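Visitor: What follows is the file query.tsv, containing TSV, C-alpha atoms:
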```
chain	number	residue	atom	x	y	z
A	63	MET	CA	0.00	0.00	0.00
A	64	MET	CA	1.15	3.55	-0.75
A	65	LEU	CA	0.66	6.50	1.56
A	66	ASN	CA	1.31	9.91	0.00
A	67	ASP	CA	3.48	8.36	-2.73
A	68	LEU	CA	5.65	6.34	-0.32
A	69	PRO	CA	5.34	2.64	0.55
A	70	TYR	CA	3.42	2.17	3.80
A	71	PRO	CA	5.24	-0.64	5.64
A	72	ASP	CA	2.57	-1.33	8.27
A	73	TRP	CA	-0.27	-2.50	6.05
A	74	HIS	CA	-2.21	-5.44	7.48
A	75	GLU	CA	-5.52	-7.19	6.83
A	76	GLY	CA	-8.42	-5.05	8.03
A	77	LEU	CA	-6.43	-1.80	8.12
A	78	THR	CA	-8.73	1.24	7.79
A	79	ILE	CA	-8.04	4.89	6.96
A	80	GLN	CA	-8.71	5.70	10.61
A	81	GLY	CA	-6.09	3.10	11.54
A	82	VAL	CA	-3.51	4.84	9.34
A	83	ILE	CA	-4.40	8.27	10.76
A	84	GLU	CA	-3.91	6.98	14.30
A	85	HIS	CA	-0.78	4.97	13.52
A	86	MET	CA	0.84	7.94	11.75
A	87	ASN	CA	-0.33	10.24	14.55
A	88	TYR	CA	-1.98	12.79	12.26
A	89	THR	CA	-3.06	15.57	14.60
A	90	TRP	CA	-4.25	18.11	12.01
A	91	PRO	CA	-7.90	18.81	12.85
A	92	LYS	CA	-9.33	18.47	9.31
A	93	LEU	CA	-8.04	16.11	6.65
A	94	VAL	CA	-8.91	15.40	3.03
A	95	THR	CA	-8.32	11.77	2.08
A	96	LYS	CA	-8.61	9.84	-1.12
A	97	VAL	CA	-8.13	6.18	-1.96
A	98	ASN	CA	-7.18	5.31	-5.53
A	99	GLY	CA	-8.14	8.83	-6.55
A	100	GLN	CA	-11.61	8.84	-4.94
A	101	LEU	CA	-12.49	11.16	-2.07
A	102	VAL	CA	-13.45	9.42	1.16
A	103	TRP	CA	-15.84	11.31	3.44
A	104	PRO	CA	-14.71	11.65	7.06
A	105	GLU	CA	-17.57	9.52	8.38
A	106	ASP	CA	-16.16	6.59	6.38
A	107	TYR	CA	-12.57	6.72	7.70
A	108	GLY	CA	-13.31	3.88	10.11
A	109	ASN	CA	-15.21	1.79	7.53
A	110	VAL	CA	-12.96	1.85	4.48
A	111	VAL	CA	-10.71	-1.21	4.63
A	112	LEU	CA	-7.49	-0.69	2.70
A	113	GLN	CA	-6.20	-3.32	0.29
A	114	GLU	CA	-2.54	-4.18	-0.14
A	115	ASN	CA	-2.30	-2.38	-3.50
A	116	ASP	CA	-4.31	0.71	-2.54
A	117	ASP	CA	-3.01	4.23	-3.03
A	118	LEU	CA	-3.94	6.40	-0.05
A	119	LYS	CA	-3.43	10.16	-0.03
A	120	ILE	CA	-3.97	12.22	3.10
A	121	HIS	CA	-3.88	16.02	2.83
A	122	HIS	CA	-4.39	18.66	5.48
A	123	LEU	CA	-7.36	20.94	4.82
A	124	LEU	CA	-5.82	24.40	5.09
A	125	ALA	CA	-7.39	27.66	6.17
A	126	GLY	CA	-4.52	30.15	6.22
A	127	GLY	CA	-4.50	33.14	3.96
B	109	MET	CA	-21.15	48.03	-21.58
B	110	ALA	CA	-18.89	47.86	-24.65
B	111	LEU	CA	-15.16	48.60	-24.58
B	112	ASN	CA	-13.97	52.06	-25.55
B	113	LYS	CA	-10.82	52.76	-27.64
B	114	LYS	CA	-8.60	53.16	-24.55
B	115	GLU	CA	-9.78	49.83	-23.15
B	116	GLN	CA	-9.25	48.09	-26.48
B	117	GLN	CA	-5.64	49.26	-26.31
B	118	ARG	CA	-5.17	48.39	-22.64
B	119	TYR	CA	-6.58	44.86	-22.91
B	120	LYS	CA	-5.11	44.17	-26.37
B	121	ARG	CA	-3.31	41.02	-25.19
B	122	HIS	CA	-6.58	39.67	-23.77
B	123	LEU	CA	-8.45	40.52	-26.95
B	124	MET	CA	-5.94	38.46	-28.93
B	125	LEU	CA	-7.04	35.33	-27.06
B	126	PRO	CA	-10.02	33.65	-28.74
B	127	GLN	CA	-11.16	32.46	-25.30
B	128	VAL	CA	-11.44	36.07	-24.14
B	129	ASP	CA	-11.81	38.44	-27.13
B	130	GLU	CA	-13.98	41.55	-26.93
B	131	THR	CA	-17.04	39.69	-25.65
B	132	GLY	CA	-15.11	38.17	-22.75
B	133	GLN	CA	-13.41	41.44	-21.87
B	134	GLU	CA	-16.80	43.15	-21.77
B	135	LYS	CA	-18.00	40.43	-19.40
B	136	ILE	CA	-14.94	41.04	-17.21
B	137	LYS	CA	-15.63	44.78	-17.26
B	138	ASN	CA	-19.25	44.25	-16.25
B	139	SER	CA	-18.49	41.76	-13.45
B	140	ARG	CA	-18.53	42.33	-9.69
B	141	VAL	CA	-16.15	40.25	-7.60
B	142	LEU	CA	-15.87	40.25	-3.81
B	143	VAL	CA	-12.51	39.42	-2.22
B	144	VAL	CA	-12.89	38.48	1.44
B	145	GLY	CA	-9.59	39.13	3.17
B	146	ALA	CA	-6.97	41.67	2.04
B	147	GLY	CA	-3.91	39.77	3.28
B	148	GLY	CA	-1.50	37.31	1.70
B	149	LEU	CA	-4.06	35.85	-0.71
B	150	GLY	CA	-6.31	38.88	-1.05
B	151	CYS	CA	-3.51	41.12	-2.33
B	152	PRO	CA	-2.54	39.08	-5.42
B	153	VAL	CA	-6.18	38.21	-6.13
B	154	ALA	CA	-7.22	41.88	-6.09
B	155	MET	CA	-4.15	42.95	-8.11
B	156	GLN	CA	-4.76	40.36	-10.82
B	157	LEU	CA	-8.47	41.13	-11.06
B	158	CYS	CA	-7.77	44.86	-11.15
B	159	CYS	CA	-5.18	44.50	-13.93
B	160	ALA	CA	-7.56	42.25	-15.85
B	161	GLY	CA	-10.24	44.95	-15.79
B	162	VAL	CA	-12.88	43.51	-13.46
B	163	GLY	CA	-15.38	46.37	-13.27
B	164	THR	CA	-16.11	46.27	-9.55
B	165	ILE	CA	-13.96	44.71	-6.85
B	166	GLY	CA	-15.17	44.57	-3.25
B	167	LEU	CA	-12.61	44.16	-0.47
B	168	VAL	CA	-13.56	42.96	3.01
B	169	ASP	CA	-11.09	43.25	5.90
B	170	PHE	CA	-11.15	44.92	9.30
B	171	ASP	CA	-7.40	44.76	9.92
B	172	VAL	CA	-4.53	47.26	9.66
B	173	VAL	CA	-1.16	46.66	8.02
B	174	ASP	CA	1.43	45.11	10.34
B	175	VAL	CA	5.15	45.15	9.65
B	176	SER	CA	5.12	41.31	9.57
B	177	ASN	CA	2.69	41.46	6.61
B	178	LEU	CA	5.24	43.08	4.31
B	179	GLN	CA	7.10	39.80	3.65
B	180	ARG	CA	4.20	38.56	1.46
B	181	GLN	CA	1.30	41.05	1.21
B	182	LEU	CA	2.11	42.69	-2.08
B	183	LEU	CA	-0.09	45.79	-1.93
B	184	TYR	CA	1.53	47.32	1.17
B	185	THR	CA	4.70	49.26	1.86
B	186	GLU	CA	6.62	50.26	4.99
B	187	ALA	CA	4.79	53.60	4.99
B	188	ASP	CA	1.45	51.77	5.31
B	189	VAL	CA	2.13	50.08	8.66
B	190	GLY	CA	-0.74	50.88	11.00
B	191	LYS	CA	-3.08	51.97	8.18
B	192	SER	CA	-6.35	50.30	7.14
B	193	LYS	CA	-5.70	47.42	4.75
B	194	VAL	CA	-8.74	47.96	2.56
B	195	GLN	CA	-8.25	51.73	2.24
B	196	THR	CA	-4.55	51.29	1.42
B	197	ALA	CA	-5.35	48.51	-1.04
B	198	ARG	CA	-7.94	50.72	-2.71
B	199	GLN	CA	-5.36	53.48	-3.29
B	200	ARG	CA	-2.85	51.06	-4.82
B	201	LEU	CA	-5.43	49.34	-6.98
B	202	LYS	CA	-6.80	52.65	-8.28
B	203	ALA	CA	-3.23	53.63	-9.19
B	204	MET	CA	-2.93	50.37	-11.16
B	205	ASN	CA	-6.27	50.78	-12.93
B	206	SER	CA	-8.26	53.94	-12.31
B	207	GLU	CA	-11.30	52.64	-14.21
B	208	VAL	CA	-11.96	49.85	-11.72
B	209	ASN	CA	-14.51	50.59	-9.02
B	210	ILE	CA	-13.16	49.49	-5.62
B	211	ILE	CA	-15.64	49.07	-2.77
B	212	CYS	CA	-14.12	48.91	0.72
B	213	ILE	CA	-15.96	47.01	3.43
B	214	GLU	CA	-14.03	47.66	6.62
B	215	ASP	CA	-15.73	45.06	8.75
B	216	LYS	CA	-15.39	41.51	10.04
B	217	LEU	CA	-17.41	39.04	7.97
B	218	ASP	CA	-19.83	36.92	9.99
B	219	ARG	CA	-23.27	35.33	9.69
B	220	THR	CA	-25.03	38.61	10.48
B	221	ASN	CA	-23.62	40.58	7.53
B	222	ALA	CA	-22.50	38.01	4.93
B	223	THR	CA	-25.75	37.77	2.96
B	224	GLU	CA	-26.16	41.53	2.65
B	225	ILE	CA	-22.55	41.96	1.51
B	226	PHE	CA	-22.51	38.99	-0.92
B	227	GLU	CA	-25.79	39.91	-2.64
B	228	LYS	CA	-24.12	42.80	-4.46
B	229	PHE	CA	-21.46	40.59	-6.12
B	230	ASP	CA	-21.35	37.82	-8.75
B	231	ILE	CA	-18.40	35.77	-7.45
B	232	ILE	CA	-16.94	35.45	-3.95
B	233	VAL	CA	-13.21	34.90	-3.46
B	234	ASP	CA	-12.22	33.32	-0.16
B	235	ALA	CA	-8.91	34.85	0.86
B	236	THR	CA	-9.50	34.60	4.60
B	237	ASP	CA	-7.21	33.10	7.21
B	238	ASN	CA	-9.55	31.06	9.41
B	239	PHE	CA	-12.05	28.21	9.26
B	240	ASP	CA	-14.92	30.16	10.85
B	241	ALA	CA	-14.96	32.75	8.05
B	242	ARG	CA	-14.56	30.04	5.43
B	243	TYR	CA	-17.67	28.16	6.61
B	244	VAL	CA	-19.64	31.44	6.68
B	245	ILE	CA	-18.55	32.10	3.09
B	246	SER	CA	-19.36	28.55	2.00
B	247	ASP	CA	-22.84	28.51	3.55
B	248	THR	CA	-23.70	31.99	2.22
B	249	CYS	CA	-22.50	31.15	-1.30
B	250	VAL	CA	-24.71	28.05	-1.35
B	251	LYS	CA	-27.67	30.03	0.01
B	252	LEU	CA	-27.26	32.70	-2.69
B	253	GLY	CA	-26.13	30.31	-5.46
B	254	LYS	CA	-22.82	32.15	-5.99
B	255	PRO	CA	-19.43	30.62	-6.87
B	256	HIS	CA	-16.99	30.36	-3.93
B	257	VAL	CA	-13.38	30.47	-5.10
B	258	TYR	CA	-11.46	28.83	-2.26
B	259	GLY	CA	-7.76	29.37	-1.68
B	260	ALA	CA	-5.73	28.51	1.40
B	261	ILE	CA	-2.07	28.39	2.39
B	262	TYR	CA	0.18	27.07	5.15
B	263	GLU	CA	3.97	27.08	5.28
B	264	PHE	CA	4.95	25.82	1.76
B	265	TYR	CA	1.53	24.40	0.85
B	266	GLY	CA	-1.51	25.73	-0.95
B	267	GLN	CA	-4.96	24.62	-2.07
B	268	VAL	CA	-7.47	25.99	-4.55
B	269	ALA	CA	-11.04	24.88	-5.33
B	270	VAL	CA	-14.23	26.24	-6.81
B	271	LEU	CA	-17.14	25.48	-4.53
B	272	GLY	CA	-20.51	27.10	-3.81
B	273	GLY	CA	-23.43	27.56	-6.15
B	274	GLU	CA	-25.52	24.41	-6.09
B	275	GLY	CA	-22.59	22.54	-4.52
B	276	PRO	CA	-20.40	20.77	-3.70
B	277	CYS	CA	-19.41	23.06	-0.86
B	278	LEU	CA	-16.82	23.15	1.88
B	279	ARG	CA	-19.06	21.01	4.09
B	280	CYS	CA	-18.92	18.24	1.47
B	281	LEU	CA	-15.22	17.95	2.29
B	282	GLN	CA	-15.54	18.42	6.03
B	283	PRO	CA	-19.05	18.75	7.47
B	284	GLN	CA	-18.00	20.93	10.41
B	285	PRO	CA	-15.18	23.39	11.11
B	286	PRO	CA	-12.63	22.35	13.73
B	287	LYS	CA	-13.19	23.26	17.36
B	288	LYS	CA	-11.50	26.40	18.67
B	289	ASP	CA	-8.95	24.44	20.75
B	290	GLU	CA	-7.90	22.36	17.70
B	291	ILE	CA	-6.77	25.38	15.69
B	292	VAL	CA	-3.44	27.16	15.56
B	293	GLU	CA	-4.06	30.84	14.78
B	294	ALA	CA	-2.84	32.06	11.39
B	295	LYS	CA	-0.50	34.61	12.97
B	296	ASP	CA	1.30	31.78	14.78
B	297	VAL	CA	2.31	29.76	11.71
B	298	GLY	CA	4.99	30.35	9.11
B	299	VAL	CA	4.28	31.13	5.46
B	300	PHE	CA	6.91	31.11	2.74
B	301	GLY	CA	6.62	34.55	1.14
B	302	ALA	CA	5.96	33.56	-2.48
B	303	ILE	CA	3.25	30.98	-1.70
B	304	PRO	CA	0.25	33.37	-1.41
B	305	GLY	CA	1.22	34.98	-4.73
B	306	VAL	CA	0.95	31.61	-6.48
B	307	ILE	CA	-2.31	30.55	-4.85
B	308	GLY	CA	-3.90	34.02	-5.12
B	309	SER	CA	-3.04	34.16	-8.82
B	310	LEU	CA	-4.64	30.74	-9.35
B	311	GLN	CA	-7.78	31.98	-7.58
B	312	ALA	CA	-7.86	35.06	-9.84
B	313	CYS	CA	-7.40	32.80	-12.87
B	314	GLU	CA	-10.42	30.73	-11.82
B	315	VAL	CA	-12.51	33.87	-11.27
B	316	LEU	CA	-11.72	35.17	-14.74
B	317	LYS	CA	-12.44	31.77	-16.33
B	318	ILE	CA	-15.81	31.66	-14.58
B	319	ILE	CA	-16.64	35.18	-15.82
B	320	ILE	CA	-15.81	34.46	-19.45
B	321	GLY	CA	-16.90	30.80	-19.38
B	322	ALA	CA	-13.57	29.51	-20.68
B	323	GLY	CA	-11.91	26.15	-20.19
B	324	LYS	CA	-12.38	23.70	-17.34
B	325	THR	CA	-12.57	25.42	-13.98
B	326	LEU	CA	-11.87	23.83	-10.61
B	327	LYS	CA	-15.62	23.52	-10.02
B	328	GLY	CA	-16.04	20.56	-7.67
B	329	ARG	CA	-12.30	19.89	-7.58
B	330	MET	CA	-9.52	20.83	-5.17
B	331	ILE	CA	-5.88	21.01	-6.12
B	332	PHE	CA	-3.10	20.59	-3.57
B	333	ILE	CA	0.30	22.13	-4.21
B	334	ASP	CA	3.39	21.26	-2.20
B	335	MET	CA	5.77	24.03	-3.18
B	336	LEU	CA	8.61	22.71	-1.03
B	337	ASN	CA	8.89	19.64	-3.27
B	338	MET	CA	6.90	21.15	-6.17
B	339	THR	CA	4.34	18.37	-6.44
B	340	PHE	CA	0.67	18.65	-7.33
B	341	ASP	CA	-2.36	16.54	-6.50
B	342	GLU	CA	-6.09	16.92	-7.04
B	343	VAL	CA	-9.33	15.39	-5.88
B	344	GLU	CA	-12.85	15.52	-7.25
B	345	ILE	CA	-15.35	16.51	-4.59
B	346	PRO	CA	-18.68	14.74	-5.02
B	347	LYS	CA	-21.69	16.35	-3.36
B	348	TYR	CA	-22.12	14.86	0.10
B	349	PRO	CA	-25.74	13.66	0.24
B	350	LYS	CA	-26.00	14.41	3.96
B	351	CYS	CA	-24.45	17.89	3.60
B	352	ILE	CA	-26.37	20.32	5.83
B	353	SER	CA	-25.61	23.18	3.45
B	354	CYS	CA	-25.92	21.99	-0.17
B	355	GLY	CA	-27.36	18.51	0.39
B	356	LYS	CA	-30.33	17.02	2.19
B	357	GLY	CA	-28.82	16.87	5.65
B	358	GLU	CA	-30.56	18.49	8.57
B	359	ASN	CA	-28.96	21.47	10.25
```
The structure given in the file should be rewritten as structure tokens.
Guide:
Amino acid sequence: MMLNDLPYPDWHEGLTIQGVIEHMNYTWPKLVTKVNGQLVWPEDYGNVVLQENDDLKIHHLLAGG
Amino acid sequence: MALNKKEQQRYKRHLMLPQVDETGQEKIKNSRVLVVGAGGLGCPVAMQLCCAGVGTIGLVDFDVVDVSNLQRQLLYTEADVGKSKVQTARQRLKAMNSEVNIICIEDKLDRTNATEIFEKFDIIVDATDNFDARYVISDTCVKLGKPHVYGAIYEFYGQVAVLGGEGPCLRCLQPQPPKKDEIVEAKDVGVFGAIPGVIGSLQACEVLKIIIGAGKTLKGRMIFIDMLNMTFDEVEIPKYPKCISCGKGEN
């Protein structure tokens, strides 16, 4: 599995987006995530199970100007 | 209103583009664009729109120029420190293009005044520096059916999207803004000086494309730019069916 264009070494069966967020200790309050190019809504972070060949991107939603 | 001789000369390089030509330039001249925030993003947005000949530009900001703004806020000089941002911006913009009508709104945007302010404009540019204002802009743009040209920056990173209208909106990405204690205030984070110029110019580009109806805008898409490593990414934003603003969710 890829996370932000780098191999993610801790993929395992049943891993969810929420699992990655917690494992990577993302503390940014609002994220934008996509799996294989498709946006995933925040309410689904705990439900979307990642496959070994999935491409996960996690971006911070910014507000600065 | 048609272009006069002077304008035909001034916008010659626009008129040479088949996507703009005289019809598009007239549309630009007759358009009214509101820029919320006259800081890092608001300065390049307003400058680009002013140069391009947008007929009326509204500027909303309650702040004064601080010396720490000068590293990236292109409309201000050392002599402006302590002065009203919108009044100073107006002077500079009028010097760039005296034909453009600049409306200063020296106030803080919130839910009590947003509708009244937005009603007078065709397109709303989000150049603010906080989530609260951004959700007010998003909700008001959906309510009034106006395009919301989103731009945001942090350190070396920037994002641009076109939201609003019938949706998708900001709440389709994140249904609620973060809580107060989850946020670091804009004044407490670093910004690489050239970043707002890039993102603000992209926002202005989207505004002008919307006005003239050219090309593929960022409607329903967000682009992410990492200017430290110069990489780009994008995501399509489907409408969130449960969205409390543009969908069928309950507020």
Visitor: Using all atoms listed in the file, select each residue of chain B with any atom at most 10 Å away from an atom of chain A, and give the selection as JSON, numbers by chain.
Guide: {"B": [145, 146, 147, 148, 149, 150, 234, 235, 236, 237, 238, 239, 240, 241, 242, 258, 259, 260, 261, 262, 263, 265, 266, 267, 268, 280, 281, 282, 283, 284, 285, 286, 287, 289, 290, 291, 292, 293, 294, 295, 297, 298, 299, 303, 304, 307, 308, 330, 332, 341, 342, 343, 344, 345, 346, 348]}
Visitor: Between B:Ala160, B:Val270, B:Leu111, B:Cys351, which one has atoms that come closest to Thr325 in chain B, using all atoms listed in the file?
Guide: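 Closest to Thr325 in chain B, using all atoms listed in the file: B:Val270.
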Visitor: What lies within 9 Å of Met63 in chain A using all atoms listed in the file, ignoring chain neighbours under 4 positions off, as a count of residues only?
Guide: 13
Visitor: Provide the CA of Glu130 in chain B to CA of Leu316 in chain B distance in Å, to one decimal place.
Guide: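 For CA of Glu130 in chain B relative to CA of Leu316 in chain B, the distance reads 13.9 Å.
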Visitor: Name all residues at most 12 Å from Ile320 in chain B (count all atoms listed in the file; drop same-chain ones fewer than 3 positions away) and give them as a PDB file with C-alpha atoms, in the coordinates of the input.
Guide:
```
ATOM      1  CA  HIS B 122      -6.580  39.670 -23.770  1.00  0.00           C
ATOM      2  CA  LEU B 125      -7.040  35.330 -27.060  1.00  0.00           C
ATOM      3  CA  PRO B 126     -10.020  33.650 -28.740  1.00  0.00           C
ATOM      4  CA  GLN B 127     -11.160  32.460 -25.300  1.00  0.00           C
ATOM      5  CA  VAL B 128     -11.440  36.070 -24.140  1.00  0.00           C
ATOM      6  CA  ASP B 129     -11.810  38.440 -27.130  1.00  0.00           C
ATOM      7  CA  GLU B 130     -13.980  41.550 -26.930  1.00  0.00           C
ATOM      8  CA  THR B 131     -17.040  39.690 -25.650  1.00  0.00           C
ATOM      9  CA  GLY B 132     -15.110  38.170 -22.750  1.00  0.00           C
ATOM     10  CA  GLN B 133     -13.410  41.440 -21.870  1.00  0.00           C
ATOM     11  CA  GLU B 134     -16.800  43.150 -21.770  1.00  0.00           C
ATOM     12  CA  LYS B 135     -18.000  40.430 -19.400  1.00  0.00           C
ATOM     13  CA  ILE B 136     -14.940  41.040 -17.210  1.00  0.00           C
ATOM     14  CA  LYS B 137     -15.630  44.780 -17.260  1.00  0.00           C
ATOM     15  CA  ASN B 138     -19.250  44.250 -16.250  1.00  0.00           C
ATOM     16  CA  SER B 139     -18.490  41.760 -13.450  1.00  0.00           C
ATOM     17  CA  ALA B 160      -7.560  42.250 -15.850  1.00  0.00           C
ATOM     18  CA  VAL B 162     -12.880  43.510 -13.460  1.00  0.00           C
ATOM     19  CA  CYS B 313      -7.400  32.800 -12.870  1.00  0.00           C
ATOM     20  CA  GLU B 314     -10.420  30.730 -11.820  1.00  0.00           C
ATOM     21  CA  VAL B 315     -12.510  33.870 -11.270  1.00  0.00           C
ATOM     22  CA  LEU B 316     -11.720  35.170 -14.740  1.00  0.00           C
ATOM     23  CA  LYS B 317     -12.440  31.770 -16.330  1.00  0.00           C
ATOM     24  CA  GLY B 323     -11.910  26.150 -20.190  1.00  0.00           C
ATOM     25  CA  LYS B 324     -12.380  23.700 -17.340  1.00  0.00           C
ATOM     26  CA  THR B 325     -12.570  25.420 -13.980  1.00  0.00           C
TER      27      THR B 325
END
```
Visitor: Determine, counting only C-alpha atoms, which protein, DNA and RNA residues have an atom within 8 Å of an atom of Leu252 in chain B; residues of the same chain fewer than 4 positions away are not included. Present the result as a PyMOL selection string.
Guide: chain B and resi 223+227+248+273
Visitor: When distances are computed from all atoms listed in the file, which of A:Val111, A:Asn98, A:Asp106, A:Asn87 shows the smallest separation from Met64 in chain A?
Guide: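 Of A:Val111, A:Asn98, A:Asp106, A:Asn87, the one nearest Met64 in chain A, counting all atoms listed in the file, is A:Asn98.
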